[in-house]
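Following: one structure in structure tokens, then a few remarks.
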Amino acid sequence: MTGFTVAIDGPAAAGKGTLSKAVAAHFGFAHLDTGLLYRAVAAKTLLGVEPIEAAQRLTAQDLDDTDLRTPEVAQAASKVAVIPEVRAALVDFQRAFAARAGGAVLDGRDIGTVICPDAAVKLFVTASAEVRAERRYLELSAKGDPSTRGQVLADVQARDERDMNRAEAPLKPASDAVLIDTSELSIEAAVASAIAAIEARRA
Ligand code: C5P
């Protein structure tokens with residue numbers, strides 16, 4: 001199957017990563033976490049590189065940096081992500097990935113709306129800010145991060161605010177996206193509903 005693209009969008013910590021990996025493994029599709037692109041650009045800016053230049057010179061190896069998952073990098077990512085030239089520099093890489101023979105899952109904020117508006121399947125994965133913050137808090141504290149619950153919630157809300165209200169490619173569901181609210185769903189149930197939505201479009 002050539003170029004079967006699954007676009008998975010949604011706010012921070014809604015469960016997109018877990019869902020995307022499970023869906024990609026189930027169907028044998030390649031997976032790209034597009035948040036990593038913005039995080040990698042942000043990590044360079046924290047070292048003093050100018051954001052547009054960082055985006056234009058990004059390489060695949062930059063995505064392997066193990067320090068991209070920190071709260072500081074996440075906040076910085078949502079700041080560089082408002083810059084139109086940064087977004088523009090990352091489009092071709094994402095579209096080439098989406099067009100892979102054998103199918104691809106891309107997760108992010110604007111995959112169904114901007115990067116792959118013709119994706120075969122679009123999912124919008126969401127959950128309440130409190131549920132998302134609690135999940136992220138548990139993830140971070142398991143890694144030894146000292147952030148408090150209150151700080152993690154404030155970070156999630158600040159990122160939501162920036163991601164939803166920016167002029168360029170704001171976070172919103174595509175008009176033809178299937179909504180999956182994971183607030184009260186187990187991982188297994190969320191994965192099952194994503195797989196069902198994809199099976200329905202493949203049929
Ligand atoms: O998904 P993740 O939390 O790693 O994304 C980090 C930040 O990168 C997001 O808060 C958002 O500002 C930005 N981003 C984006 N468009 C994408 C993926 C991520 O603007 N497709």
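Residues in the structure tokens are numbered from 1 in each chain, the chains being A, B, ... in the order shown, and ligands are numbered from 1 in the order shown.
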Inset, instruction - Show me which residues sit within 6 Å of ligand 1 when counting only C-alpha atoms and all ligand atoms, and put them as a PyMOL selection string. - result: chain A and resi 12+34-36+38-39+74+77-78+81+108-111+159+163
Emit the selected residues as a short mmCIF file (atom, residue, chain, number, x, y, z; two decimals), in the first residue's frame, including N, CA and C atoms.
data_model
loop_
_atom_site.label_atom_id
_atom_site.label_comp_id
_atom_site.auth_asym_id
_atom_site.auth_seq_id
_atom_site.Cartn_x
_atom_site.Cartn_y
_atom_site.Cartn_z
N ALA A 12 -0.90 18.51 24.21
CA ALA A 12 0.18 17.85 24.95
C ALA A 12 -0.38 16.81 25.92
N THR A 34 6.17 14.21 15.31
CA THR A 34 6.62 15.49 14.75
C THR A 34 6.97 16.51 15.84
N GLY A 35 6.48 16.29 17.06
CA GLY A 35 6.87 17.16 18.18
C GLY A 35 8.38 17.17 18.38
N LEU A 36 9.00 16.03 18.04
CA LEU A 36 10.46 15.93 18.20
C LEU A 36 11.19 16.93 17.31
N TYR A 38 10.18 19.97 16.52
CA TYR A 38 10.11 21.28 17.19
C TYR A 38 10.98 21.27 18.45
N ARG A 39 11.00 20.12 19.14
CA ARG A 39 11.85 20.01 20.34
C ARG A 39 13.32 20.11 19.97
N ALA A 74 10.14 21.37 26.12
CA ALA A 74 8.74 21.38 25.67
C ALA A 74 8.22 22.82 25.56
N ALA A 77 9.89 24.54 22.76
CA ALA A 77 9.37 24.03 21.47
C ALA A 77 8.10 24.77 21.09
N SER A 78 7.21 24.97 22.06
CA SER A 78 5.95 25.64 21.71
C SER A 78 6.18 27.11 21.38
N ALA A 81 7.62 27.06 17.76
CA ALA A 81 6.58 26.55 16.86
C ALA A 81 5.62 27.64 16.37
N GLY A 108 1.13 14.97 15.89
CA GLY A 108 1.55 16.34 16.15
C GLY A 108 0.37 17.24 16.47
N ARG A 109 0.39 18.44 15.90
CA ARG A 109 -0.67 19.41 16.16
C ARG A 109 -1.43 19.81 14.89
N ASP A 110 -0.70 19.75 13.75
CA ASP A 110 -1.26 20.29 12.49
C ASP A 110 -1.15 19.28 11.35
N ILE A 111 -1.07 17.99 11.70
CA ILE A 111 -0.85 16.99 10.64
C ILE A 111 -2.10 16.88 9.75
N ARG A 159 1.15 25.68 27.33
CA ARG A 159 1.42 25.14 26.00
C ARG A 159 0.13 25.05 25.18
N ASP A 163 -0.37 26.80 21.68
CA ASP A 163 -0.60 25.94 20.51
C ASP A 163 -1.96 26.23 19.85
#
Inset, instruction - Excluding segment 17-26 of chain A and residues on its chain fewer than 5 positions from it, collect all residues at most 7 Å away from it, counting only C-alpha atoms, and give them as an MDAnalysis selection string. - result: chainID A and resid 31 105 107 191 195
Inset, instruction - Would you mind listing what lies within 9 Å of Ala30 of chain A as a PyMOL selection string, with only C-alpha atoms counted and same-chain residues fewer than 6 positions away left out? - result: chain A and resi 21+24+97-98+100+102-106
Inset, instruction - For atom CA of Pro173 of chain A and atom CA of Lys122 of chain A, quote the distance in Å rounded to one decimal. - result: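 Between atom CA of Pro173 of chain A and atom CA of Lys122 of chain A the gap is 8.7 Å.
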Legend entry - Backbone-only DSSP, alpha helix (DSSP H) members of segment 113-177 of chain A, as a VMD selection string: chain A and resid 129 to 142 149 to 165
Inset, instruction - Determine which residues of segment 4-199 of chain A receive a DSSP assignment of strand (DSSP E or B), computed from the backbone, and state them as a PyMOL selection string. - result: chain A and resi 5-9+30-33+101+104-108+121-126+178-181
Write the residues you've just listed into a file as a tab-separated table (two decimals), in the first residue's frame, and include N, CA, C and O atoms for each of them.
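Wrote out-v3.tsv, looks like this:
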chain	number	residue	atom	x	y	z
A	5	THR	N	-1.61	7.39	4.83
A	5	THR	CA	-1.17	8.22	5.95
A	5	THR	C	-2.23	8.31	7.04
A	5	THR	O	-3.40	8.57	6.75
A	6	VAL	N	-1.78	8.12	8.26
A	6	VAL	CA	-2.65	8.32	9.42
A	6	VAL	C	-2.14	9.57	10.15
A	6	VAL	O	-0.98	9.63	10.55
A	7	ALA	N	-2.99	10.58	10.28
A	7	ALA	CA	-2.64	11.83	10.95
A	7	ALA	C	-3.25	11.81	12.35
A	7	ALA	O	-4.46	11.62	12.48
A	8	ILE	N	-2.41	11.97	13.37
A	8	ILE	CA	-2.92	11.97	14.75
A	8	ILE	C	-2.53	13.28	15.42
A	8	ILE	O	-1.34	13.55	15.65
A	9	ASP	N	-3.51	14.11	15.70
A	9	ASP	CA	-3.25	15.40	16.34
A	9	ASP	C	-3.90	15.47	17.71
A	9	ASP	O	-4.81	14.69	18.01
A	30	ALA	N	5.32	3.07	9.42
A	30	ALA	CA	6.39	3.85	10.05
A	30	ALA	C	5.75	4.95	10.91
A	30	ALA	O	4.62	5.37	10.63
A	31	HIS	N	6.46	5.39	11.94
A	31	HIS	CA	5.89	6.42	12.83
A	31	HIS	C	6.83	7.62	12.98
A	31	HIS	O	8.03	7.43	13.20
A	32	LEU	N	6.29	8.82	12.84
A	32	LEU	CA	7.07	10.03	13.10
A	32	LEU	C	6.36	10.88	14.16
A	32	LEU	O	5.21	11.30	13.96
A	33	ASP	N	7.05	11.11	15.27
A	33	ASP	CA	6.57	12.02	16.31
A	33	ASP	C	7.05	13.41	15.90
A	33	ASP	O	8.22	13.75	16.08
A	101	ALA	N	6.12	4.47	1.12
A	101	ALA	CA	5.42	3.26	0.72
A	101	ALA	C	5.28	2.42	1.98
A	101	ALA	O	6.17	2.42	2.82
A	104	ALA	N	2.31	5.35	6.88
A	104	ALA	CA	2.98	6.14	7.91
A	104	ALA	C	1.95	6.73	8.88
A	104	ALA	O	0.84	7.09	8.48
A	105	VAL	N	2.37	6.81	10.12
A	105	VAL	CA	1.59	7.50	11.15
A	105	VAL	C	2.40	8.72	11.56
A	105	VAL	O	3.57	8.59	11.90
A	106	LEU	N	1.81	9.90	11.51
A	106	LEU	CA	2.49	11.11	11.99
A	106	LEU	C	1.64	11.68	13.10
A	106	LEU	O	0.41	11.82	12.95
A	107	ASP	N	2.26	12.00	14.23
A	107	ASP	CA	1.48	12.66	15.27
A	107	ASP	C	2.04	14.04	15.57
A	107	ASP	O	3.24	14.29	15.45
A	108	GLY	N	1.13	14.97	15.89
A	108	GLY	CA	1.55	16.34	16.15
A	108	GLY	C	0.37	17.24	16.47
A	108	GLY	O	-0.54	16.86	17.24
A	121	VAL	N	-6.68	8.81	7.07
A	121	VAL	CA	-7.37	8.79	8.36
A	121	VAL	C	-6.83	9.93	9.22
A	121	VAL	O	-5.62	10.14	9.27
A	122	LYS	N	-7.73	10.65	9.86
A	122	LYS	CA	-7.33	11.71	10.79
A	122	LYS	C	-7.97	11.45	12.15
A	122	LYS	O	-9.18	11.28	12.22
A	123	LEU	N	-7.14	11.43	13.16
A	123	LEU	CA	-7.65	11.25	14.51
A	123	LEU	C	-7.28	12.49	15.32
A	123	LEU	O	-6.19	13.04	15.15
A	124	PHE	N	-8.19	12.94	16.16
A	124	PHE	CA	-7.88	14.03	17.09
A	124	PHE	C	-8.05	13.47	18.49
A	124	PHE	O	-9.15	13.11	18.90
A	125	VAL	N	-6.91	13.37	19.18
A	125	VAL	CA	-6.88	12.72	20.49
A	125	VAL	C	-6.81	13.79	21.56
A	125	VAL	O	-5.93	14.65	21.54
A	126	THR	N	-7.75	13.75	22.49
A	126	THR	CA	-7.76	14.79	23.50
A	126	THR	C	-8.10	14.19	24.87
A	126	THR	O	-8.39	13.01	25.00
A	178	VAL	N	-11.68	12.06	13.34
A	178	VAL	CA	-12.41	11.26	14.32
A	178	VAL	C	-11.89	11.67	15.70
A	178	VAL	O	-10.68	11.66	15.93
A	179	LEU	N	-12.79	12.07	16.59
A	179	LEU	CA	-12.35	12.52	17.92
A	179	LEU	C	-12.25	11.34	18.89
A	179	LEU	O	-13.17	10.52	18.95
A	180	ILE	N	-11.14	11.27	19.62
A	180	ILE	CA	-11.00	10.24	20.65
A	180	ILE	C	-10.63	10.96	21.94
A	180	ILE	O	-9.55	11.54	22.06
A	181	ASP	N	-11.57	10.96	22.89
A	181	ASP	CA	-11.31	11.59	24.19
A	181	ASP	C	-10.82	10.51	25.14
A	181	ASP	O	-11.56	9.59	25.48
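Considering only C-alpha atoms, the residue among A:Arg95, A:Gly28, A:Pro71, A:Arg87 positioned nearest to Gln56 of chain A is A:Arg87.
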Legend entry - Long-range neighbours of Thr113 of chain A as a PyMOL selection string, 9 Å cut-off, only C-alpha atoms, 3 positions minimum in chain: chain A and resi 109-110+116-118+169+171-175
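Nearest residue to Ile83 of chain A, choosing from A:Val41, A:Val49, A:Leu63, A:Val114 and counting only C-alpha atoms: A:Val41.
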Inset, instruction - Return the single residue from A:Leu138, A:Ala89, A:Ala192, A:Leu185 that is closest to Thr59 of chain A, with distances computed using only C-alpha atoms. - result: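 Between A:Leu138, A:Ala89, A:Ala192, A:Leu185, the residue approaching Thr59 of chain A most closely is A:Ala89.
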Inset, instruction - Would you mind reading off the distance between atom CA of Ala13 of chain A and atom CA of Arg69 of chain A, one decimal, in Å? - result: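 Computed distance, atom CA of Ala13 of chain A to atom CA of Arg69 of chain A, equals 11.9 Å.
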Inset, instruction - Mind checking which residues fall within 12 Å of Leu140 of chain A, counting only C-alpha atoms, ignoring those fewer than 2 positions away in the same chain, and posting them as an MDAnalysis selection string? - result: chainID A and resid 13 69:71 133:138 142:149 151:152
I need the chosen residues saved as a short mmCIF file (atom, residue, chain, number, x, y, z; two decimals), in the first residue's frame, with N, CA and C atoms.
data_model
loop_
_atom_site.label_atom_id
_atom_site.label_comp_id
_atom_site.auth_asym_id
_atom_site.auth_seq_id
_atom_site.Cartn_x
_atom_site.Cartn_y
_atom_site.Cartn_z
N ALA A 13 0.28 15.66 25.96
CA ALA A 13 -0.02 14.59 26.92
C ALA A 13 -1.43 14.00 26.83
N ARG A 69 13.11 15.47 25.92
CA ARG A 69 11.84 15.22 26.62
C ARG A 69 11.68 16.02 27.91
N THR A 70 12.48 17.05 28.12
CA THR A 70 12.37 17.79 29.39
C THR A 70 11.29 18.88 29.28
N PRO A 71 10.74 19.30 30.44
CA PRO A 71 9.73 20.37 30.42
C PRO A 71 10.27 21.67 29.82
N ALA A 133 -2.30 16.56 32.60
CA ALA A 133 -1.23 17.01 33.50
C ALA A 133 -0.86 15.90 34.49
N GLU A 134 -1.86 15.18 34.97
CA GLU A 134 -1.57 14.09 35.92
C GLU A 134 -0.73 13.00 35.25
N ARG A 135 -1.06 12.67 34.01
CA ARG A 135 -0.27 11.66 33.29
C ARG A 135 1.17 12.14 33.08
N ARG A 136 1.31 13.39 32.67
CA ARG A 136 2.64 13.92 32.43
C ARG A 136 3.43 14.00 33.74
N TYR A 137 2.72 14.37 34.83
CA TYR A 137 3.38 14.45 36.14
C TYR A 137 3.94 13.08 36.53
N LEU A 138 3.12 12.03 36.36
CA LEU A 138 3.57 10.67 36.73
C LEU A 138 4.76 10.24 35.89
N ALA A 142 8.47 9.75 37.54
CA ALA A 142 9.12 8.43 37.41
C ALA A 142 10.55 8.57 36.89
N LYS A 143 10.78 9.66 36.13
CA LYS A 143 12.14 9.88 35.59
C LYS A 143 13.00 10.71 36.56
N GLY A 144 12.43 11.04 37.72
CA GLY A 144 13.19 11.80 38.71
C GLY A 144 13.09 13.30 38.55
N ASP A 145 12.19 13.76 37.66
CA ASP A 145 12.03 15.22 37.47
C ASP A 145 11.34 15.81 38.71
N PRO A 146 11.87 16.91 39.26
CA PRO A 146 11.31 17.44 40.50
C PRO A 146 10.05 18.30 40.34
N SER A 147 9.52 18.48 39.13
CA SER A 147 8.34 19.35 38.94
C SER A 147 7.18 18.88 39.82
N THR A 148 6.43 19.85 40.36
CA THR A 148 5.25 19.51 41.17
C THR A 148 4.04 19.35 40.23
N ARG A 149 2.96 18.77 40.77
CA ARG A 149 1.71 18.63 39.99
C ARG A 149 1.25 19.98 39.46
N GLN A 151 2.99 22.70 38.89
CA GLN A 151 3.85 23.22 37.81
C GLN A 151 3.55 22.52 36.50
N VAL A 152 3.33 21.21 36.57
CA VAL A 152 3.08 20.45 35.34
C VAL A 152 1.75 20.91 34.72
#
Inset, instruction - Calculate how many Å separate atom CA of Glu139 of chain A from atom CA of Ser193 of chain A, rounding to one decimal. - result: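 Those two atoms sit 23.6 Å apart.
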Inset, instruction - Might you pull out every residue within 9 Å of Ala42 of chain A, with only C-alpha atoms counted and same-chain residues fewer than 5 positions away left off, and present them as a PyMOL selection string? - result: chain A and resi 37+47+51+54-55+68+73-81
Write the selection just made, keeping all heavy atoms, as a compact mmCIF listing (two decimals), in the first residue's frame?
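Now in selection_25.txt:
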# COMPACT_ATOMS: atom_id res chain seq x y z
N LEU A 37 10.61 17.24 16.15
CA LEU A 37 11.25 18.21 15.24
C LEU A 37 11.32 19.58 15.93
O LEU A 37 12.34 20.25 15.92
CB LEU A 37 10.47 18.34 13.93
CG LEU A 37 10.28 17.05 13.11
CD1 LEU A 37 9.33 17.31 11.94
CD2 LEU A 37 11.62 16.57 12.59
N LEU A 47 20.80 26.50 23.10
CA LEU A 47 22.28 26.58 23.03
C LEU A 47 22.73 27.83 22.29
O LEU A 47 23.91 27.99 22.00
CB LEU A 47 22.84 25.34 22.31
CG LEU A 47 22.58 23.99 22.98
CD1 LEU A 47 23.03 22.83 22.09
CD2 LEU A 47 23.30 23.93 24.33
N PRO A 51 16.44 30.42 15.84
CA PRO A 51 15.47 29.36 15.56
C PRO A 51 15.27 29.00 14.07
O PRO A 51 15.19 27.82 13.74
CB PRO A 51 14.15 29.87 16.15
CG PRO A 51 14.42 31.18 16.77
CD PRO A 51 15.88 31.49 16.69
N ALA A 54 18.20 27.09 12.93
CA ALA A 54 18.18 25.75 13.53
C ALA A 54 17.23 24.84 12.77
O ALA A 54 17.53 23.68 12.48
CB ALA A 54 17.78 25.84 15.00
N ALA A 55 16.05 25.37 12.40
CA ALA A 55 15.06 24.55 11.67
C ALA A 55 15.56 24.21 10.27
O ALA A 55 15.40 23.08 9.81
CB ALA A 55 13.73 25.30 11.60
N LEU A 68 15.57 15.67 24.77
CA LEU A 68 14.49 16.46 24.16
C LEU A 68 13.19 16.38 24.95
O LEU A 68 12.26 17.13 24.67
CB LEU A 68 14.25 16.00 22.71
CG LEU A 68 15.43 16.18 21.75
CD1 LEU A 68 15.07 15.68 20.35
CD2 LEU A 68 15.86 17.64 21.68
N VAL A 73 12.50 22.03 27.41
CA VAL A 73 12.53 21.91 25.95
C VAL A 73 11.09 21.96 25.40
O VAL A 73 10.83 22.57 24.37
CB VAL A 73 13.27 20.62 25.51
CG1 VAL A 73 13.14 20.40 24.01
CG2 VAL A 73 14.75 20.72 25.89
N ALA A 74 10.14 21.37 26.12
CA ALA A 74 8.74 21.38 25.67
C ALA A 74 8.22 22.82 25.56
O ALA A 74 7.59 23.21 24.57
CB ALA A 74 7.87 20.58 26.63
N GLN A 75 8.49 23.61 26.60
CA GLN A 75 8.03 25.02 26.57
C GLN A 75 8.71 25.77 25.45
O GLN A 75 8.07 26.52 24.71
CB GLN A 75 8.35 25.72 27.90
CG GLN A 75 7.44 25.33 29.06
CD GLN A 75 5.97 25.61 28.81
OE1 GLN A 75 5.60 26.61 28.19
NE2 GLN A 75 5.11 24.72 29.25
N ALA A 76 10.03 25.57 25.31
CA ALA A 76 10.77 26.27 24.25
C ALA A 76 10.27 25.82 22.88
O ALA A 76 10.19 26.63 21.94
CB ALA A 76 12.27 25.99 24.40
N ALA A 77 9.89 24.54 22.76
CA ALA A 77 9.37 24.03 21.47
C ALA A 77 8.10 24.77 21.09
O ALA A 77 7.91 25.16 19.92
CB ALA A 77 9.10 22.52 21.57
N SER A 78 7.21 24.97 22.06
CA SER A 78 5.95 25.64 21.71
C SER A 78 6.18 27.11 21.38
O SER A 78 5.36 27.74 20.72
CB SER A 78 4.89 25.44 22.80
OG SER A 78 5.15 26.21 23.94
N LYS A 79 7.32 27.66 21.81
CA LYS A 79 7.66 29.05 21.44
C LYS A 79 8.24 29.12 20.03
O LYS A 79 7.85 29.98 19.24
CB LYS A 79 8.62 29.67 22.46
CG LYS A 79 7.92 29.90 23.80
CD LYS A 79 8.85 30.47 24.84
CE LYS A 79 8.14 30.52 26.20
NZ LYS A 79 9.07 30.66 27.29
N VAL A 80 9.15 28.21 19.68
CA VAL A 80 9.69 28.27 18.31
C VAL A 80 8.61 27.87 17.30
O VAL A 80 8.64 28.28 16.14
CB VAL A 80 10.96 27.40 18.09
CG1 VAL A 80 12.09 27.86 18.98
CG2 VAL A 80 10.69 25.91 18.25
N ALA A 81 7.62 27.06 17.76
CA ALA A 81 6.58 26.55 16.86
C ALA A 81 5.62 27.64 16.37
O ALA A 81 4.85 27.41 15.44
CB ALA A 81 5.79 25.44 17.54
